Amino acid sequence: MAALGWITPRRRSATARSVLAGEAAAEAARKTAQESAAESAEGAAQQPSEPDFPVVGDVHAAAFFDLDNTVMQGASLFHFGRGLYKRRFFQKRELARFAWQQVWFRLAGEDAEHMQDARDSALSIVKGHRVSELMTIGEEIYDEYMAERIWPGTRALAQAHLDAGQKVWLVTAAPVEAATIIARRLGLTGALGTVAESIGGVYTGKLVGEPLHGPAKAEAVRALAAAEGLDLSRCAAYSDSANDIPMLSLVGHPYAVNPDGRLRKHARERGWRLRDYRTGRKAAKVGIPAAAGVGALAGGAAAAVALHRRRH
């Protein structure tokens, strides 16, 4: 999707890579939103518990939503991987690796090392495939695995912004193609995601910049806000992870949604709004989707639990 010239030189600093990733994601998101020209619903509906927010008709405000565990239960990349496995893009060994990553994600939250592992797995799988092919398959995968995992409570928060006449963007480390599909199916404005390099419409197996994670998300939001003429002090951001504190800190209305322990503590200290749509059982439950079909992962899950306990 992006020009070859945007690849980050190895010697650039981490900050420069984050800025590049953010700018690339913002440009890709704006292009997608302009092409789709999705109509935002306009109305006077407001959240009953917070009648003054979002402010109806405030065109200088927008909302930014993290995806995994905020809008959708679990890791979107894992569900995408399941769909690709079903279509014989890779073998059972790689599926086991994806399932292990999902177990870790649900136990320990977003971890840089494991996110990079998941990213590398995904890039190796799509290398050589056409972008248009993955977009078509992604639509099918959304219906098969993702639609039923959207949190109704978070969906209602996004709809409140749309009803107020505001734009709503997903901001995620997931591939921008997958994020764009999810945003479109939910009726959102668009998505900022990790941009995979493609030449002639074919994936090269490389990224443009870095994954849209942590500080890179904040840079992407900042770049998009500047391009769209938004006032960040009037905008809202929603996330479950402490890794997104940089993004949440940018806006005037930060929300911790289904928060991990670190984010919950941070949010309470700063008086940020909290929303938790998990039941007690679901919040504590650790499991692997049965459709994964890899029974041997039970031992891996136990090992992950043990390691998680040692780390905490």
# chains A, B, ... in the order shown; residues from 1 in each chain; ligands from 1

$ select_by_dssp --residues "range 57-291 of chain A" --states "strand (DSSP E or B)" --output "MDAnalysis selection string"
chainID A and resid 62:65 68 72 130 150 164 167:175 190:194 196:199 202:207 236:239 253:257 273:275

$ residues_around --residues "range 174-179 of chain A" --least-positions-apart "3" --cutoff "6 Å" --atoms "only C-alpha atoms" --output "ChimeraX atom specification"
/A:182,191,193-195

$ closest_residue --among "A:Val221, A:Gly138, A:Pro259, A:Ser76" --to "Ile150 in chain A" --atoms "only C-alpha atoms"
A:Ser76

$ residues_around --residues "range 232-239 of chain A" --least-positions-apart "2" --cutoff "10 Å" --atoms "only C-alpha atoms" --output "PyMOL selection string"
chain A and resi 53-55+58-71+154+157-158+161+166-172+221-222+225-226+229-230+241-245+247-260+263+273-275

$ atom_distance --atom1 "CA of Ala75 in chain A" --atom2 "CA of Gly201 in chain A"
25.9 Å

$ residues_around --residues "Lys127 in chain A" --least-positions-apart "3" --cutoff "10 Å" --atoms "only C-alpha atoms" --output "list in words"
Ala122, Leu123, Ser124, Arg130, Val131, Ala196, Glu197, Ser198, Val202, Tyr203, Thr204, Gly205 and Lys206 of chain A

$ write_last_selection --atoms "N, CA, C and O atoms" --output "JSON list (two decimals), in the first residue's frame"
[["chain", "number", "residue", "atom", "x", "y", "z"],
["A", 122, "ALA", "N", 2.90, -13.20, 10.53],
["A", 122, "ALA", "CA", 1.92, -12.73, 9.57],
["A", 122, "ALA", "C", 2.58, -12.26, 8.28],
["A", 122, "ALA", "O", 2.10, -12.55, 7.17],
["A", 123, "LEU", "N", 3.71, -11.55, 8.40],
["A", 123, "LEU", "CA", 4.39, -11.05, 7.20],
["A", 123, "LEU", "C", 4.90, -12.19, 6.34],
["A", 123, "LEU", "O", 4.84, -12.14, 5.10],
["A", 124, "SER", "N", 5.41, -13.24, 6.96],
["A", 124, "SER", "CA", 5.92, -14.37, 6.19],
["A", 124, "SER", "C", 4.80, -15.10, 5.47],
["A", 124, "SER", "O", 4.99, -15.64, 4.38],
["A", 130, "ARG", "N", -1.33, -11.06, -3.24],
["A", 130, "ARG", "CA", -1.83, -9.77, -3.66],
["A", 130, "ARG", "C", -2.66, -9.12, -2.55],
["A", 130, "ARG", "O", -3.37, -9.81, -1.82],
["A", 131, "VAL", "N", -2.55, -7.80, -2.45],
["A", 131, "VAL", "CA", -3.32, -7.05, -1.46],
["A", 131, "VAL", "C", -4.81, -7.26, -1.69],
["A", 131, "VAL", "O", -5.57, -7.48, -0.74],
["A", 196, "ALA", "N", 1.95, -2.65, 5.79],
["A", 196, "ALA", "CA", 2.85, -3.60, 5.16],
["A", 196, "ALA", "C", 3.21, -3.10, 3.76],
["A", 196, "ALA", "O", 2.34, -2.61, 3.04],
["A", 197, "GLU", "N", 4.46, -3.22, 3.41],
["A", 197, "GLU", "CA", 4.90, -2.76, 2.10],
["A", 197, "GLU", "C", 4.36, -3.66, 1.00],
["A", 197, "GLU", "O", 4.31, -4.88, 1.13],
["A", 198, "SER", "N", 3.95, -3.04, -0.09],
["A", 198, "SER", "CA", 3.55, -3.78, -1.28],
["A", 198, "SER", "C", 4.09, -3.07, -2.50],
["A", 198, "SER", "O", 4.16, -1.84, -2.54],
["A", 202, "VAL", "N", 1.51, -6.36, -4.56],
["A", 202, "VAL", "CA", 1.93, -7.64, -3.99],
["A", 202, "VAL", "C", 2.77, -7.37, -2.74],
["A", 202, "VAL", "O", 3.69, -6.55, -2.76],
["A", 203, "TYR", "N", 2.47, -8.08, -1.65],
["A", 203, "TYR", "CA", 3.19, -7.90, -0.41],
["A", 203, "TYR", "C", 4.65, -8.37, -0.53],
["A", 203, "TYR", "O", 4.92, -9.44, -1.09],
["A", 204, "THR", "N", 5.56, -7.57, 0.03],
["A", 204, "THR", "CA", 6.98, -7.90, -0.02],
["A", 204, "THR", "C", 7.46, -8.66, 1.21],
["A", 204, "THR", "O", 8.57, -9.18, 1.23],
["A", 205, "GLY", "N", 6.64, -8.68, 2.26],
["A", 205, "GLY", "CA", 7.07, -9.30, 3.51],
["A", 205, "GLY", "C", 7.79, -8.34, 4.43],
["A", 205, "GLY", "O", 8.36, -8.75, 5.44],
["A", 206, "LYS", "N", 7.76, -7.03, 4.10],
["A", 206, "LYS", "CA", 8.38, -6.01, 4.94],
["A", 206, "LYS", "C", 7.32, -5.00, 5.39],
["A", 206, "LYS", "O", 6.22, -4.97, 4.86]]

$ select_by_dssp --residues "range 170-287 of chain A" --states "alpha helix (DSSP H)" --output "count of residues only"
45

$ closest_residue --among "A:Leu77, A:Met135, A:His129, A:Glu27" --to "Phe89 in chain A" --atoms "only C-alpha atoms"
A:His129

$ atom_distance --atom1 "CA of Ala164 in chain A" --atom2 "CA of Pro152 in chain A"
18.3 Å
